[in-house]
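The file entry28.txt contains compact mmCIF, C-alpha atoms:
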# COMPACT_ATOMS: atom_id res chain seq x y z
CA MET A 1 13.29 22.69 9.73
CA PRO A 2 10.93 25.66 9.18
CA GLU A 3 7.55 25.23 10.88
CA ALA A 4 5.71 25.96 7.62
CA ALA A 5 7.48 23.05 5.95
CA ARG A 6 6.99 20.71 8.90
CA TYR A 7 3.23 21.23 9.15
CA ARG A 8 2.25 21.38 5.52
CA LYS A 9 -0.37 18.89 4.31
CA VAL A 10 1.28 15.64 3.26
CA ASP A 11 -0.10 12.41 1.80
CA LEU A 12 2.44 9.69 1.01
CA HIS A 13 0.12 6.71 0.47
CA THR A 14 -2.54 6.75 -2.28
CA HIS A 15 -3.80 4.48 -5.06
CA SER A 16 -5.04 5.06 -8.60
CA THR A 17 -6.70 2.92 -11.27
CA ARG A 18 -3.25 1.58 -12.15
CA SER A 19 -3.65 -0.73 -9.15
CA ASP A 20 -6.90 -0.87 -7.17
CA GLY A 21 -7.92 2.77 -6.83
CA HIS A 22 -11.08 4.50 -8.05
CA PHE A 23 -9.51 7.49 -9.84
CA SER A 24 -6.92 7.79 -12.60
CA PRO A 25 -3.49 9.19 -11.64
CA SER A 26 -4.45 12.60 -13.05
CA GLU A 27 -7.79 12.63 -11.27
CA LEU A 28 -6.12 11.63 -8.03
CA VAL A 29 -3.66 14.53 -8.31
CA ASP A 30 -6.55 16.91 -9.04
CA LEU A 31 -8.25 15.67 -5.89
CA ALA A 32 -5.07 16.20 -3.86
CA VAL A 33 -4.93 19.79 -5.08
CA GLU A 34 -8.61 20.30 -4.19
CA GLN A 35 -7.80 19.05 -0.67
CA SER A 36 -4.88 21.51 -0.33
CA VAL A 37 -2.25 18.77 -0.20
CA SER A 38 1.20 20.24 -0.82
CA LEU A 39 3.37 17.08 -0.86
CA PHE A 40 1.90 14.03 -2.58
CA ALA A 41 2.94 10.49 -3.51
CA LEU A 42 1.22 7.92 -5.71
CA THR A 43 1.91 4.44 -4.29
CA ASP A 44 0.10 1.91 -6.44
CA HIS A 45 0.51 -1.78 -5.66
CA ASP A 46 3.52 -3.34 -7.40
CA THR A 47 3.51 -0.97 -10.36
CA LEU A 48 5.15 2.29 -11.41
CA ASP A 49 2.91 2.71 -14.46
CA GLY A 50 0.91 5.65 -13.10
CA LEU A 51 3.88 7.76 -12.04
CA PRO A 52 4.59 9.62 -15.32
CA GLU A 53 0.95 10.71 -15.68
CA ALA A 54 0.69 11.75 -12.04
CA ARG A 55 3.99 13.63 -12.11
CA LEU A 56 2.95 15.54 -15.24
CA ARG A 57 -0.37 16.59 -13.75
CA ALA A 58 1.31 17.54 -10.46
CA ALA A 59 3.73 19.77 -12.37
CA GLU A 60 0.78 21.48 -14.08
CA HIS A 61 -0.64 22.29 -10.64
CA GLY A 62 2.68 23.18 -9.02
CA LEU A 63 2.20 20.30 -6.56
CA SER A 64 5.31 18.72 -5.04
CA PHE A 65 5.25 15.10 -6.21
CA ILE A 66 7.12 12.09 -4.82
CA ASN A 67 7.58 8.80 -6.69
CA GLY A 68 6.10 5.92 -4.72
CA VAL A 69 5.09 2.26 -4.91
CA GLU A 70 3.56 -0.19 -2.43
CA LEU A 71 5.42 -3.49 -2.63
CA SER A 72 3.96 -6.85 -1.59
CA THR A 73 6.27 -8.92 0.63
CA GLN A 74 6.07 -11.45 3.45
CA TRP A 75 7.71 -11.93 6.85
CA LYS A 76 7.53 -15.28 8.63
CA GLY A 77 4.67 -16.30 6.34
CA ILE A 78 2.67 -13.11 7.02
CA PRO A 79 1.87 -10.94 3.97
CA LEU A 80 3.16 -7.38 4.47
CA HIS A 81 3.23 -4.18 2.44
CA MET A 82 6.18 -1.83 2.18
CA VAL A 83 6.06 1.63 0.63
CA ALA A 84 9.15 2.79 -1.27
CA LEU A 85 9.32 6.58 -1.69
CA ASN A 86 11.41 9.24 -3.41
CA PHE A 87 13.25 6.92 -5.81
CA SER A 88 14.39 7.33 -9.38
CA ALA A 89 11.84 5.70 -11.70
CA ASP A 90 14.66 3.96 -13.59
CA ASN A 91 16.16 2.30 -10.49
CA SER A 92 17.09 -1.15 -11.75
CA ALA A 93 16.80 -2.94 -8.40
CA LEU A 94 13.30 -1.60 -7.82
CA LEU A 95 12.21 -2.33 -11.39
CA SER A 96 13.34 -5.93 -10.97
CA ILE A 97 11.26 -6.38 -7.81
CA VAL A 98 8.21 -4.76 -9.41
CA LYS A 99 8.52 -6.99 -12.48
CA GLY A 100 8.83 -10.07 -10.29
CA ASN A 101 5.74 -9.12 -8.29
CA GLN A 102 3.73 -8.58 -11.47
CA VAL A 103 4.62 -12.11 -12.58
CA ILE A 104 3.54 -13.37 -9.15
CA ARG A 105 0.25 -11.47 -9.46
CA LEU A 106 -0.53 -13.12 -12.79
CA ASP A 107 0.33 -16.57 -11.44
CA ARG A 108 -1.66 -15.81 -8.29
CA ALA A 109 -4.70 -14.88 -10.40
CA ARG A 110 -4.46 -18.20 -12.22
CA ARG A 111 -4.40 -19.97 -8.86
CA ILE A 112 -7.41 -17.94 -7.67
CA ALA A 113 -9.32 -19.01 -10.78
CA ASP A 114 -8.38 -22.64 -10.20
CA LEU A 115 -9.48 -22.50 -6.56
CA LEU A 116 -12.78 -20.89 -7.54
CA MET A 117 -13.34 -23.68 -10.05
CA LYS A 118 -12.85 -26.19 -7.22
CA GLN A 119 -15.70 -24.37 -5.46
CA GLY A 120 -17.97 -25.06 -8.44
CA LEU A 121 -17.54 -21.79 -10.34
CA PRO A 122 -16.59 -21.38 -14.03
CA ASP A 123 -13.07 -20.44 -15.11
CA LEU A 124 -12.95 -16.64 -14.71
CA PHE A 125 -9.25 -16.10 -15.41
CA ASP A 126 -9.44 -14.61 -18.92
CA GLU A 127 -12.35 -12.37 -17.99
CA ALA A 128 -10.53 -11.16 -14.86
CA VAL A 129 -7.45 -10.31 -16.94
CA ALA A 130 -9.61 -8.38 -19.41
CA LEU A 131 -11.47 -6.57 -16.63
CA ALA A 132 -8.22 -5.56 -14.92
CA GLY A 133 -6.89 -3.89 -18.07
CA ASP A 134 -4.09 -1.51 -17.05
CA SER A 135 -4.69 -2.08 -13.34
CA GLN A 136 -3.00 -4.70 -11.17
CA LEU A 137 -4.96 -7.96 -11.38
CA GLY A 138 -6.26 -9.18 -8.03
CA ARG A 139 -9.15 -10.59 -6.04
CA PRO A 140 -11.33 -7.46 -6.45
CA HIS A 141 -11.60 -8.20 -10.17
CA PHE A 142 -12.82 -11.71 -9.47
CA ALA A 143 -15.26 -10.28 -6.92
CA ALA A 144 -16.64 -7.86 -9.52
CA LEU A 145 -17.16 -10.73 -11.96
CA LEU A 146 -18.96 -12.82 -9.34
CA VAL A 147 -21.34 -9.92 -8.74
CA GLU A 148 -21.80 -9.27 -12.46
CA LYS A 149 -22.65 -12.93 -13.12
CA GLY A 150 -25.10 -13.11 -10.25
CA PHE A 151 -23.23 -15.56 -8.03
CA VAL A 152 -23.29 -13.05 -5.15
CA LYS A 153 -25.11 -9.78 -4.52
CA ASP A 154 -22.06 -7.66 -3.72
CA ALA A 155 -18.27 -7.71 -3.36
CA ASN A 156 -18.40 -8.29 0.39
CA LYS A 157 -20.39 -11.48 -0.17
CA ALA A 158 -17.90 -12.52 -2.84
CA PHE A 159 -15.07 -12.33 -0.32
CA ASP A 160 -17.10 -13.96 2.45
CA ARG A 161 -18.21 -16.88 0.32
CA TYR A 162 -15.40 -17.42 -2.18
CA LEU A 163 -12.38 -15.10 -1.98
CA GLY A 164 -11.49 -14.67 1.70
CA ASN A 165 -8.29 -16.05 3.20
CA LYS A 166 -10.19 -18.97 4.73
CA LYS A 167 -11.20 -20.05 1.23
CA LEU A 168 -7.95 -19.16 -0.57
CA GLY A 169 -5.41 -19.82 2.19
CA GLN A 170 -2.97 -21.44 -0.24
CA LEU A 171 -2.24 -17.97 -1.69
CA ARG A 172 -0.64 -16.56 1.41
CA ASP A 173 2.97 -17.62 0.81
CA VAL A 174 3.64 -16.26 -2.66
CA TRP A 175 5.29 -12.87 -2.13
CA PRO A 176 9.07 -12.32 -1.87
CA GLU A 177 10.61 -12.34 1.58
CA LEU A 178 10.92 -8.97 3.30
CA GLU A 179 14.63 -9.51 3.86
CA GLN A 180 15.15 -10.14 0.14
CA VAL A 181 13.32 -6.97 -0.87
CA LEU A 182 14.92 -4.73 1.75
CA THR A 183 18.48 -5.87 1.14
CA ALA A 184 18.01 -5.35 -2.61
CA LEU A 185 16.79 -1.77 -2.11
CA ALA A 186 18.80 -0.65 0.94
CA GLY A 187 21.31 2.04 0.07
CA GLN A 188 19.50 2.80 -3.21
CA ASN A 189 18.70 6.38 -2.18
CA MET A 190 15.04 5.89 -1.33
CA ALA A 191 12.84 5.73 1.76
CA LEU A 192 11.72 2.19 2.68
CA VAL A 193 8.62 2.41 4.88
CA LEU A 194 6.62 -0.35 6.56
CA ALA A 195 3.00 0.32 5.56
CA HIS A 196 0.10 0.35 8.08
CA PRO A 197 1.80 -1.77 10.78
CA LYS A 198 -1.33 -2.10 12.92
CA ARG A 199 -3.27 -3.92 10.21
CA TYR A 200 -1.22 -7.09 10.44
CA PRO A 201 -2.15 -10.00 12.77
CA LEU A 202 0.69 -9.20 15.18
CA THR A 203 0.90 -8.65 18.91
CA VAL A 204 2.97 -5.66 20.03
CA THR A 205 5.78 -8.09 20.90
CA LYS A 206 5.76 -9.60 17.41
CA LEU A 207 5.47 -6.15 15.83
CA LYS A 208 8.64 -5.16 17.68
CA ARG A 209 10.40 -8.24 16.32
CA LEU A 210 9.27 -7.26 12.84
CA LEU A 211 10.53 -3.70 13.29
CA SER A 212 13.86 -5.00 14.59
CA ASP A 213 14.28 -7.12 11.44
CA PHE A 214 12.98 -4.29 9.24
CA LYS A 215 15.60 -1.90 10.60
CA LYS A 216 18.38 -4.52 10.48
CA TRP A 217 17.72 -5.32 6.82
CA GLY A 218 17.73 -1.68 5.69
CA GLY A 219 14.25 -0.32 6.34
CA THR A 220 14.20 3.41 7.05
CA GLY A 221 10.65 4.33 8.05
CA ILE A 222 7.31 3.33 9.51
CA GLU A 223 3.85 4.56 8.57
CA ILE A 224 2.57 5.92 11.85
CA VAL A 225 -0.85 6.67 10.43
CA SER A 226 -2.73 5.36 7.41
CA GLY A 227 -6.21 6.76 7.11
CA ASN A 228 -8.65 6.68 10.00
CA GLU A 229 -6.44 4.97 12.60
CA ARG A 230 -7.32 4.86 16.30
CA PRO A 231 -5.45 7.64 18.13
CA ASP A 232 -3.98 5.15 20.61
CA SER A 233 -2.57 3.11 17.72
CA VAL A 234 -0.96 6.25 16.29
CA ARG A 235 0.59 7.09 19.67
CA LEU A 236 2.00 3.53 19.87
CA LEU A 237 3.50 3.77 16.40
CA GLU A 238 4.99 7.18 17.20
CA ARG A 239 6.73 5.59 20.20
CA LEU A 240 7.95 2.65 18.11
CA SER A 241 9.32 4.97 15.43
CA ARG A 242 11.47 6.60 18.11
CA GLU A 243 12.41 3.29 19.78
CA PHE A 244 13.63 1.74 16.52
CA ASP A 245 15.00 4.96 15.00
CA LEU A 246 12.65 4.76 12.02
CA LYS A 247 11.42 7.89 10.27
CA ALA A 248 7.68 8.57 10.45
CA SER A 249 5.56 8.54 7.31
CA VAL A 250 1.88 9.38 6.89
CA GLY A 251 -0.83 8.78 4.32
CA SER A 252 -4.52 8.33 3.70
CA ASP A 253 -4.17 4.99 1.86
CA TYR A 254 -6.86 6.49 -0.34
CA HIS A 255 -8.51 4.12 -2.83
CA GLY A 256 -11.70 6.04 -3.52
CA PRO A 257 -14.80 7.69 -2.01
CA PHE A 258 -15.94 4.60 -0.13
CA GLY A 259 -16.73 6.18 3.23
CA PRO A 260 -17.33 9.59 4.82
CA TRP A 261 -13.85 9.71 6.37
CA MET A 262 -11.98 8.58 3.24
CA GLN A 263 -10.27 11.47 1.53
CA VAL A 264 -6.87 12.34 0.08
CA GLY A 265 -4.80 14.11 2.71
CA LYS A 266 -7.11 13.01 5.54
CA PHE A 267 -5.84 10.85 8.40
CA THR A 268 -5.73 10.76 12.17
CA GLN A 269 -3.68 13.63 13.62
CA ILE A 270 -0.07 12.88 14.54
CA HIS A 271 2.37 14.57 16.91
CA GLU A 272 4.77 15.74 14.20
CA SER A 273 7.13 17.52 16.58
CA GLU A 274 7.75 14.24 18.48
CA VAL A 275 8.95 12.11 15.54
CA ASP A 276 11.56 12.27 12.78
CA LEU A 277 9.54 12.93 9.62
CA VAL A 278 10.44 10.99 6.49
CA TRP A 279 9.78 14.03 4.28
CA GLN A 280 11.98 16.36 6.33
CA ALA A 281 14.98 15.71 4.07
CA TRP A 282 12.89 16.52 0.98
CA SER A 283 11.89 20.01 2.11

What is this file in structure tokens?
Amino acid sequence: MPEAARYRKVDLHTHSTRSDGHFSPSELVDLAVEQSVSLFALTDHDTLDGLPEARLRAAEHGLSFINGVELSTQWKGIPLHMVALNFSADNSALLSIVKGNQVIRLDRARRIADLLMKQGLPDLFDEAVALAGDSQLGRPHFAALLVEKGFVKDANKAFDRYLGNKKLGQLRDVWPELEQVLTALAGQNMALVLAHPKRYPLTVTKLKRLLSDFKKWGGTGIEIVSGNERPDSVRLLERLSREFDLKASVGSDYHGPFGPWMQVGKFTQIHESEVDLVWQAWS
């Protein structure tokens, strides 16, 4: 692989307003161009709705664009995210999973509203649906409503007091099983990447068990960096990508300008020459 292709600026994990990001798909692509990104993927949560707009704007800029989506799953009762990349937008297996997850999200929102009512709050379901609009309905919309209505002073307090896992623990076991999702998509000509592995409540031993299952069921890659990761965590994930023969993916997991280090195309440096890059086959 030519060195220029290997070391170009890549971002394969970003979010727009079609899920829980700050910028529209077009604005996000514009930002990627401003940051000199040369290979870019939009990976909204459980939706492909922003891809046509992003692809069109990328073509206007001459930016190499990769279809992406971040799918919600679970493994042994632990919620996980998996990024699918470089697929055809009309892939029937993927569309089925996305549609199923959108139904789960709507049902999940109804359950959130019910649990908030049990905590003495009014029924916020219809207002949360309206606030979400074209985006993927989730807890941030309820948090925004709680702030707007004066129940809490900010979103962090909303999660601490009402929306955190300790308050809404019954929601944890709703997503499809990782094995089910992987076996449905394996062999469908796309990259299947475990997103931000160090963010899950797993010891290194349990993470290795997860990666063993992930590989066995058809997973092809691991995100070795997602935003501002600790360098020692990146080195560990580089080693695990080699140990389990999983291609290395990278991304900012950009949602918006919420911190000085958050930027499209910005993440902790990786040792690219020491891992098998997921985008190598796309160059």

Item to check | Long-range neighbours of stretch 107-118 of chain A as a PyMOL selection string, 9 Å cut-off, only C-alpha atoms, 2 positions minimum in chain | outcome: chain A and resi 102-105+120-125+128-129+137-139+142+162-163+167-168+170-171+174

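The residue that comes closest to A:Leu145, out of A:Ala184, A:Ala130, A:Ile78, A:Leu202 and on the basis of only C-alpha atoms, is A:Ala130.
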
Next on the checklist: Using Å and a single decimal, report how far atom CA of A:Val278 sits from atom CA of A:Lys247.
Outcome noted: 5.0 Å

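Nearest to A:Ala54 of all the residues A:Ser273, A:Ser72, A:Thr183, A:Ser24 is A:Ser24, based on all atoms listed in the file.
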
Item to check | For stretch 203-219 of chain A: contacts at 10 Å, all atoms listed in the file, fewer than 5 positions along chain excluded, given as a ChimeraX atom specification | outcome: /A:75-76,82,84,178-187,190-194,197-198,236,240-241,243-247

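Taking atom CA of A:Asn228 as the reference point, atom CA of A:Asp253 is found at 9.4 Å.
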
Excluding same-chain residues fewer than 4 positions from A:Val275, what lies within 7 Å of it counting all atoms listed in the file, as a short mmCIF file (atom, residue, chain, number, x, y, z; two decimals) with C-alpha atoms, in the frame of the given file?
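Saved file out.cif follows:
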data_model
loop_
_atom_site.label_atom_id
_atom_site.label_comp_id
_atom_site.auth_asym_id
_atom_site.auth_seq_id
_atom_site.Cartn_x
_atom_site.Cartn_y
_atom_site.Cartn_z
CA GLU A 238 4.99 7.18 17.20
CA ARG A 242 11.47 6.60 18.11
CA ALA A 248 7.68 8.57 10.45
#

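In this model, the gap between atom CA of A:Asp276 and atom CA of A:Ser249 comes to 8.9 Å.
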
Checklist entry - What would the list of residues within 6 Å of (-6.3, 8.3, 5.5) (file frame) look like as a ChimeraX atom specification, if all atoms listed in the file are what count? => result /A:226-228,251-253,266-267

Checklist entry - With all atoms listed in the file as the basis for distance, which of A:Asn189, A:Gln263, A:Gln74, A:Gln269 is at the shortest distance from A:Glu34? => result A:Gln263

Residue completion, stretch 271-282 of chain A, all heavy atoms, as a JSON list (two decimals), in the coordinates of the input:
[["chain", "number", "residue", "atom", "x", "y", "z"],
["A", 271, "HIS", "N", 1.54, 13.60, 16.18],
["A", 271, "HIS", "CA", 2.37, 14.57, 16.91],
["A", 271, "HIS", "C", 3.68, 14.76, 16.13],
["A", 271, "HIS", "O", 4.69, 14.14, 16.44],
["A", 271, "HIS", "CB", 2.64, 14.07, 18.33],
["A", 271, "HIS", "CG", 1.42, 13.96, 19.18],
["A", 271, "HIS", "ND1", 1.33, 13.14, 20.28],
["A", 271, "HIS", "CD2", 0.21, 14.59, 19.08],
["A", 271, "HIS", "CE1", 0.13, 13.27, 20.83],
["A", 271, "HIS", "NE2", -0.56, 14.13, 20.12],
["A", 272, "GLU", "N", 3.64, 15.61, 15.12],
["A", 272, "GLU", "CA", 4.77, 15.74, 14.20],
["A", 272, "GLU", "C", 6.06, 16.18, 14.90],
["A", 272, "GLU", "O", 7.15, 15.77, 14.51],
["A", 272, "GLU", "CB", 4.43, 16.74, 13.09],
["A", 272, "GLU", "CG", 3.35, 16.25, 12.17],
["A", 272, "GLU", "CD", 3.24, 17.10, 10.91],
["A", 272, "GLU", "OE1", 4.19, 17.85, 10.61],
["A", 272, "GLU", "OE2", 2.22, 17.01, 10.22],
["A", 273, "SER", "N", 5.94, 17.00, 15.92],
["A", 273, "SER", "CA", 7.13, 17.52, 16.58],
["A", 273, "SER", "C", 7.84, 16.45, 17.42],
["A", 273, "SER", "O", 8.97, 16.66, 17.87],
["A", 273, "SER", "CB", 6.77, 18.72, 17.47],
["A", 273, "SER", "OG", 5.85, 18.34, 18.48],
["A", 274, "GLU", "N", 7.18, 15.28, 17.62],
["A", 274, "GLU", "CA", 7.75, 14.24, 18.48],
["A", 274, "GLU", "C", 8.40, 13.10, 17.71],
["A", 274, "GLU", "O", 8.89, 12.14, 18.31],
["A", 274, "GLU", "CB", 6.66, 13.69, 19.41],
["A", 274, "GLU", "CG", 6.08, 14.74, 20.35],
["A", 274, "GLU", "CD", 4.99, 14.19, 21.25],
["A", 274, "GLU", "OE1", 4.82, 12.94, 21.27],
["A", 274, "GLU", "OE2", 4.31, 14.99, 21.92],
["A", 275, "VAL", "N", 8.38, 13.17, 16.37],
["A", 275, "VAL", "CA", 8.95, 12.11, 15.54],
["A", 275, "VAL", "C", 9.83, 12.72, 14.46],
["A", 275, "VAL", "O", 9.74, 13.90, 14.14],
["A", 275, "VAL", "CB", 7.85, 11.24, 14.91],
["A", 275, "VAL", "CG1", 7.13, 10.40, 15.95],
["A", 275, "VAL", "CG2", 6.84, 12.10, 14.13],
["A", 276, "ASP", "N", 10.68, 11.87, 13.89],
["A", 276, "ASP", "CA", 11.56, 12.27, 12.78],
["A", 276, "ASP", "C", 10.82, 12.01, 11.48],
["A", 276, "ASP", "O", 10.61, 10.86, 11.10],
["A", 276, "ASP", "CB", 12.85, 11.46, 12.86],
["A", 276, "ASP", "CG", 13.89, 11.94, 11.86],
["A", 276, "ASP", "OD1", 13.66, 12.99, 11.21],
["A", 276, "ASP", "OD2", 14.93, 11.26, 11.72],
["A", 277, "LEU", "N", 10.40, 13.05, 10.79],
["A", 277, "LEU", "CA", 9.54, 12.93, 9.62],
["A", 277, "LEU", "C", 10.32, 12.49, 8.39],
["A", 277, "LEU", "O", 11.39, 13.02, 8.09],
["A", 277, "LEU", "CB", 8.86, 14.27, 9.34],
["A", 277, "LEU", "CG", 8.04, 14.85, 10.50],
["A", 277, "LEU", "CD1", 7.59, 16.25, 10.18],
["A", 277, "LEU", "CD2", 6.86, 13.94, 10.81],
["A", 278, "VAL", "N", 9.76, 11.53, 7.66],
["A", 278, "VAL", "CA", 10.44, 10.99, 6.49],
["A", 278, "VAL", "C", 10.63, 12.05, 5.42],
["A", 278, "VAL", "O", 11.61, 12.02, 4.67],
["A", 278, "VAL", "CB", 9.68, 9.76, 5.93],
["A", 278, "VAL", "CG1", 8.37, 10.18, 5.30],
["A", 278, "VAL", "CG2", 10.53, 8.98, 4.96],
["A", 279, "TRP", "N", 9.71, 13.01, 5.33],
["A", 279, "TRP", "CA", 9.78, 14.03, 4.28],
["A", 279, "TRP", "C", 10.64, 15.22, 4.67],
["A", 279, "TRP", "O", 10.81, 16.14, 3.90],
["A", 279, "TRP", "CB", 8.40, 14.49, 3.88],
["A", 279, "TRP", "CG", 7.59, 15.19, 4.92],
["A", 279, "TRP", "CD1", 7.57, 16.52, 5.17],
["A", 279, "TRP", "CD2", 6.69, 14.59, 5.85],
["A", 279, "TRP", "NE1", 6.69, 16.80, 6.20],
["A", 279, "TRP", "CE2", 6.12, 15.63, 6.64],
["A", 279, "TRP", "CE3", 6.27, 13.29, 6.10],
["A", 279, "TRP", "CZ2", 5.20, 15.39, 7.66],
["A", 279, "TRP", "CZ3", 5.35, 13.05, 7.10],
["A", 279, "TRP", "CH2", 4.82, 14.08, 7.86],
["A", 280, "GLN", "N", 11.19, 15.22, 5.88],
["A", 280, "GLN", "CA", 11.98, 16.36, 6.33],
["A", 280, "GLN", "C", 13.16, 16.62, 5.40],
["A", 280, "GLN", "O", 13.47, 17.78, 5.09],
["A", 280, "GLN", "CB", 12.48, 16.11, 7.74],
["A", 280, "GLN", "CG", 13.25, 17.27, 8.35],
["A", 280, "GLN", "CD", 13.51, 17.09, 9.82],
["A", 280, "GLN", "OE1", 12.79, 16.34, 10.49],
["A", 280, "GLN", "NE2", 14.50, 17.75, 10.34],
["A", 281, "ALA", "N", 13.80, 15.56, 4.93],
["A", 281, "ALA", "CA", 14.98, 15.71, 4.07],
["A", 281, "ALA", "C", 14.60, 16.19, 2.67],
["A", 281, "ALA", "O", 15.47, 16.58, 1.89],
["A", 281, "ALA", "CB", 15.74, 14.40, 3.98],
["A", 282, "TRP", "N", 13.31, 16.12, 2.32],
["A", 282, "TRP", "CA", 12.89, 16.52, 0.98],
["A", 282, "TRP", "C", 12.44, 17.96, 0.91],
["A", 282, "TRP", "O", 12.08, 18.47, -0.13],
["A", 282, "TRP", "CB", 11.71, 15.64, 0.51],
["A", 282, "TRP", "CG", 11.98, 14.17, 0.65],
["A", 282, "TRP", "CD1", 13.20, 13.55, 0.66],
["A", 282, "TRP", "CD2", 11.00, 13.14, 0.80],
["A", 282, "TRP", "NE1", 13.05, 12.19, 0.81],
["A", 282, "TRP", "CE2", 11.70, 11.91, 0.91],
["A", 282, "TRP", "CE3", 9.61, 13.12, 0.86],
["A", 282, "TRP", "CZ2", 11.05, 10.69, 1.07],
["A", 282, "TRP", "CZ3", 8.97, 11.91, 1.02],
["A", 282, "TRP", "CH2", 9.68, 10.71, 1.12]]
